[in-house]
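Let me begin by presenting the structure, written as structure tokens, before commenting on it.
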Amino acid sequence: MEAITWLPLMFLILCSVRGELLPNIGAHLMNCMESDREALIDFKNGLHDPANRLSSWKGSNCCHWRGISCENTTGAVIAVDLRNPHPTYNYNDESLDSGAIPLNLANLSSLQYLDVSCDDIWEESSLFVDNLKCSSGSIPPPTFLNLISLVVLDLSDNQFLPKVLDFLVNVSSLVTLDMSNNWLDGRIPLDFSELPNLQFLYLGASGLSESCHQMLGGRWEKIQDLDFGRNDLHRKLPSSIGNLTFLSHLDLSGNSVDGGIPSSIGKLCNLILLDVSDNYINETLPKFLEGIEICLSRKPFPILQSFDLSYNYLVGNLPEWLGHIENLVELDLSLNYLNGQIPAFFGSLQNLSRGPLPSLQYLDLSDDYLVGNLPEWLCQLENLVNLNLWCNSLNGSIAASFGSLQNLSRRPLPNLQSLDLSDNHLVGKLPKWLAQLENLIELDLSNNSLYGPIPTSFGILQQNLTILLLGGNELNGTLLESLGQLSGLRKFNVSSNQLTGLFSCNEFLPFGSFISDLAQVTKAGNIVPGLEVFDLSNNNLRGSIPSSIGNCSDLSALDISNNHLSGTIRTFLGQLRGLKTLHLNDNRLYGQLPSSFQNLSSLATLNLGNNRLNGRIPPWIGKVFESLRILGLRPNSFSRELPVCYQI
């Protein structure tokens with residue numbers, strides 16, 4: 001494995017710890033330099049400090065002050081750490097507010113580390129100069145630059161303007177610079193790529209607008225981390241990007257990069273993260289990679305862990321080299337125009353170097369144009385946590401595709417937490433082995449062509465399952481008592497199937513009681529109080545609305561429309577005060593609206609249409625439903641017009 005140099009980051013961390021949490025060892029040996037102490041006092045006097053963060057800045061030895069670190073032998077200040085301890089996107093009472101970093105910091109000639117991130121400092125004209133007479137708006141020439149020892153500079157999450165970069169381009173000692181979330185507005189000086197020691201550069205969300213050739217075409221001799229995410233980089237990636245051989249993290253997400261991915265990226269043997277998501281990449285991935293022979297393993301991206309090209313316009317098939325990235329943990333190619341089958345060679349992802357189990361944890365190929373069966377090798381990714389293949393054109397049987405699962409001696413996919421195969425063309429019955437996914441939290445198989453009953457074994461998923469979505473299939477039979485054991489369920493949707501069974505007015509397991517013989521479960525009274533979404537619409541259920549639904553206090557959406565329900569609308573529905581959506585339409589309900597509906601003040605959608613309701617439309621319906629946007633009442637047999645506020 002190729003070596004990655006992390007010493008600058010370690011320096012940053014150690015300086016931070018020394019300045020904020022631990023006493024400075026050198027301070028016990030020597031007082032700080034008087035000139036540095038005076039500079040810091042003047043610095044403090046130029047700041048607005050509403051939280052009194054600098055209350056310790058008093059006395060003769062500034063090495064004892066919060067956020068200050070000194071050199072052990074000379075007493076010179078080498079680190080100033082004034083980051084906001086509680087950063088938010090809105091500047092808060094703990095920000096150090098200033099129109100500029102005061103001039104006096106330029107007198108700290110030994111300063112190596114400066115962090116004023118997440119404060120409210122917005123003007124650059126005084127930052128690195130020692131000319132006290134410069135007028136407002138004028139920028140002194142770079143010859144006044146005095147911070148010649150600076151190694152780490154963090155000015156992120158402030159409001160600095162682009163001229164500050166003109167000074168920094170001459171700080172040859174810089175190793176780490178973070179100016180993300182500022183107002184740089186435009187391009188960075190081309191000479192930035194020539195800084196001889198720069199290894200970590202973070203300029204995300206800083207208003208940059210430049211071609212990729214200009215930004216990435218320089219030397220960047222030692223660069224390891226480049227974050228240009230959430231800017232306006234445009235045009236194609238240059239082939240010279242392959243020359244950045246020390247690069248370990250490259251973030252170009254959220255830009256306007258187009259064209260293709262150059263094959264020269266194969267030379268980036270030290271790459272750990274590659275994120276070019278949310279751009280306009282509109283070509284095929286390169287069929288072959290250049291330069292992989294220079295990597296010690298002679299394999300592509302030998303230590304790459306995260307590869308994200310989602311939200312682009314990629315076309316064509318998946319290249320073979322993707323199947324040979326041995327240490328890959330996250331692969332996201334979702335929301336593209338990729339087509340063809342998921343190739344069998346992806347099975348090589350299981351041949352990982354760290355033990356017998358594969359390391360791939362997140363695989364997202366959703367919202368593409370992939371076809372064919374689910375490949376059998378998926379079941380061998382035993383470290384997989386998230387598998388997302390929704391919105392493709394995959395077909396075949398789930399049971400057949402994962403057939404080898406039945407032959408495994410241990411439980412399948414033991415770490416899987418989320419499985420989304422929705423919006424495909426999958427057929428067949430729900431396989432029983434799904435119930436063996438003991439760590440599953442979310443299961444979405446909706447909008448396929450699955451048929452048959454829901455297996456009784458699904459009740460085994462009770463420990464962790466919070467989302468179960470099976471709507472839009474051809475499932476039949478009855479819902480089972482065992483499903484009532486899913487005590488952690490928050491969202492349950494089996495709408496638009498062919499389920500049958502009887503609703504009971506007695507206490508029930510909210511979705512376990514829809515069985516042919518309610519007598520078996522009416523005494524259980526076991527409900528799921530944390531249920532938030534309950535959708536049984538468009539089935540063939542009959543009977544009355546069960547009263548224990550009124551105990552699901554967290555319910556926000558209840559849809560049991562388009563069934564064969566009968567009886568009256570019971571008063572217990574008024575207990576669901578957090579309900580926002582209530583659809584009871586297209587059933588055989590009769591009687592009047594219960595007065596308890598006045599408690600449902602959060603309703604945004606209420607549909608009672610196409611039933612047999614009668615009586616007068618209560619006058620309060622126009623007063624209590626302040627959030628109501630959709631109201632459906634017809635055809636019914638109400639004897640009074642709507643309140644004036646609902647008439648057109």
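Chain labels run A, B, ... following the order of the structure tokens; each chain numbers its residues from 1, and ligands are numbered from 1 in the order shown.
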- Message: Show me, as a ChimeraX atom specification, the residues that have an atom within 10 Å of Asp36 of chain A when counting only C-alpha atoms, minus same-chain residues fewer than 5 positions from it.
- Response: /A:41-42,62-63,75-78,104-105,107-111
- Query: Skipping near chain neighbours, those fewer than 3 positions away, what residues fall within 8 Å of Ser596 of chain A using only C-alpha atoms, listed as a PyMOL selection string?
  - Reply: chain A and resi 571-575+599-600
Export C-alpha atoms of the chosen residues as a PDB file, in the first residue's frame?
ATOM      1  CA  THR A 571     -64.506   9.015  17.306  1.00  0.00           C
ATOM      2  CA  PHE A 572     -61.098   7.500  18.206  1.00  0.00           C
ATOM      3  CA  LEU A 573     -59.597   8.899  14.996  1.00  0.00           C
ATOM      4  CA  GLY A 574     -59.812  12.295  16.671  1.00  0.00           C
ATOM      5  CA  GLN A 575     -57.080  11.148  19.060  1.00  0.00           C
ATOM      6  CA  ASN A 599     -58.815  17.859  17.238  1.00  0.00           C
ATOM      7  CA  LEU A 600     -57.152  17.191  13.882  1.00  0.00           C
TER       8      LEU A 600
END
- Step one, run DSSP on the backbone; step two, keep only residues of segment 197-389 of chain A assigned to helix (DSSP H, G or I); then write them as a ChimeraX atom specification. /A:212-216,239-243,263-267,292-294,320-324,344-350,376-380
- Shell around segment 290-292 of chain A at 7 Å using only C-alpha atoms, local window under 4 positions removed, as a VMD selection string: chain A and resid 263 to 264 266 to 267 298 to 300
- Neighbours of Trp183 of chain A within 7 Å (only C-alpha atoms; same-chain residues fewer than 4 positions away dropped), as a list of chain:residue names?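 Final neighbour list, sorted by chain and number: A:Gln159, A:Phe160, A:Leu161, A:Pro162, A:Ser206, A:Gly207.
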- Message: Need the shell around Asp308 of chain A: protein/DNA/RNA residues with any atom at most 8 Å away, counting only C-alpha atoms. Skip same-chain ones fewer than 6 positions apart. Format as JSON, numbers by chain?
- Response: {"A": [274, 275, 276, 277, 330, 331, 332, 333]}
- Task: Using DSSP on the backbone coordinates, identify the residues of segment 223-358 of chain A assigned to strand (DSSP E or B); present them as an MDAnalysis selection string.
- Result: chainID A and resid 225:227 232:235 249:251 256:259 273:275 280:281 306:308 315:316 330:332 337:341
- Could you tell me how far atom CA of Asn170 of chain A lies from atom CA of Leu195 of chain A, in Å and to one decimal? 7.8 Å
- Item | 9 Å contact set for Val329 of chain A, only C-alpha atoms, chain neighbours under 4 positions out, as a PyMOL selection string | chain A and resi 304-307+358-363+384
- Exercise: segment 623-629 of chain A partners within 7 Å, only C-alpha atoms, chain neighbours under 5 positions left out, as a list in words: Gln598, Ser601, Ser602, Leu603, Ala604 and Thr605 of chain A
Only all heavy atoms, please: the residues just picked out, written as a compact mmCIF listing (two decimals), in the first residue's frame.
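again.txt, freshly written:
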# COMPACT_ATOMS: atom_id res chain seq x y z
N GLN A 598 -62.48 17.70 15.28
CA GLN A 598 -62.03 19.07 15.57
C GLN A 598 -60.62 19.09 16.17
O GLN A 598 -59.96 20.12 16.17
CB GLN A 598 -63.01 19.75 16.52
CG GLN A 598 -64.40 19.93 15.96
CD GLN A 598 -65.32 20.61 16.94
OE1 GLN A 598 -65.19 21.82 17.22
NE2 GLN A 598 -66.25 19.85 17.49
N SER A 601 -56.22 19.41 13.94
CA SER A 601 -55.90 20.75 13.40
C SER A 601 -54.70 20.75 12.48
O SER A 601 -54.45 21.75 11.79
CB SER A 601 -55.66 21.72 14.56
OG SER A 601 -54.60 21.26 15.39
N SER A 602 -53.93 19.66 12.43
CA SER A 602 -52.74 19.61 11.57
C SER A 602 -53.03 19.05 10.19
O SER A 602 -52.13 18.99 9.34
CB SER A 602 -51.65 18.76 12.23
OG SER A 602 -51.23 19.30 13.46
N LEU A 603 -54.26 18.66 9.94
CA LEU A 603 -54.59 18.03 8.66
C LEU A 603 -54.29 18.95 7.48
O LEU A 603 -54.69 20.11 7.46
CB LEU A 603 -56.06 17.62 8.62
CG LEU A 603 -56.44 16.25 9.19
CD1 LEU A 603 -57.95 16.03 9.07
CD2 LEU A 603 -55.69 15.14 8.48
N ALA A 604 -53.60 18.39 6.48
CA ALA A 604 -53.38 19.09 5.22
C ALA A 604 -54.21 18.47 4.10
O ALA A 604 -54.55 19.14 3.13
CB ALA A 604 -51.90 19.06 4.84
N THR A 605 -54.51 17.17 4.23
CA THR A 605 -55.30 16.46 3.23
C THR A 605 -56.35 15.61 3.93
O THR A 605 -56.01 14.80 4.79
CB THR A 605 -54.40 15.55 2.36
OG1 THR A 605 -53.41 16.33 1.72
CG2 THR A 605 -55.23 14.84 1.30
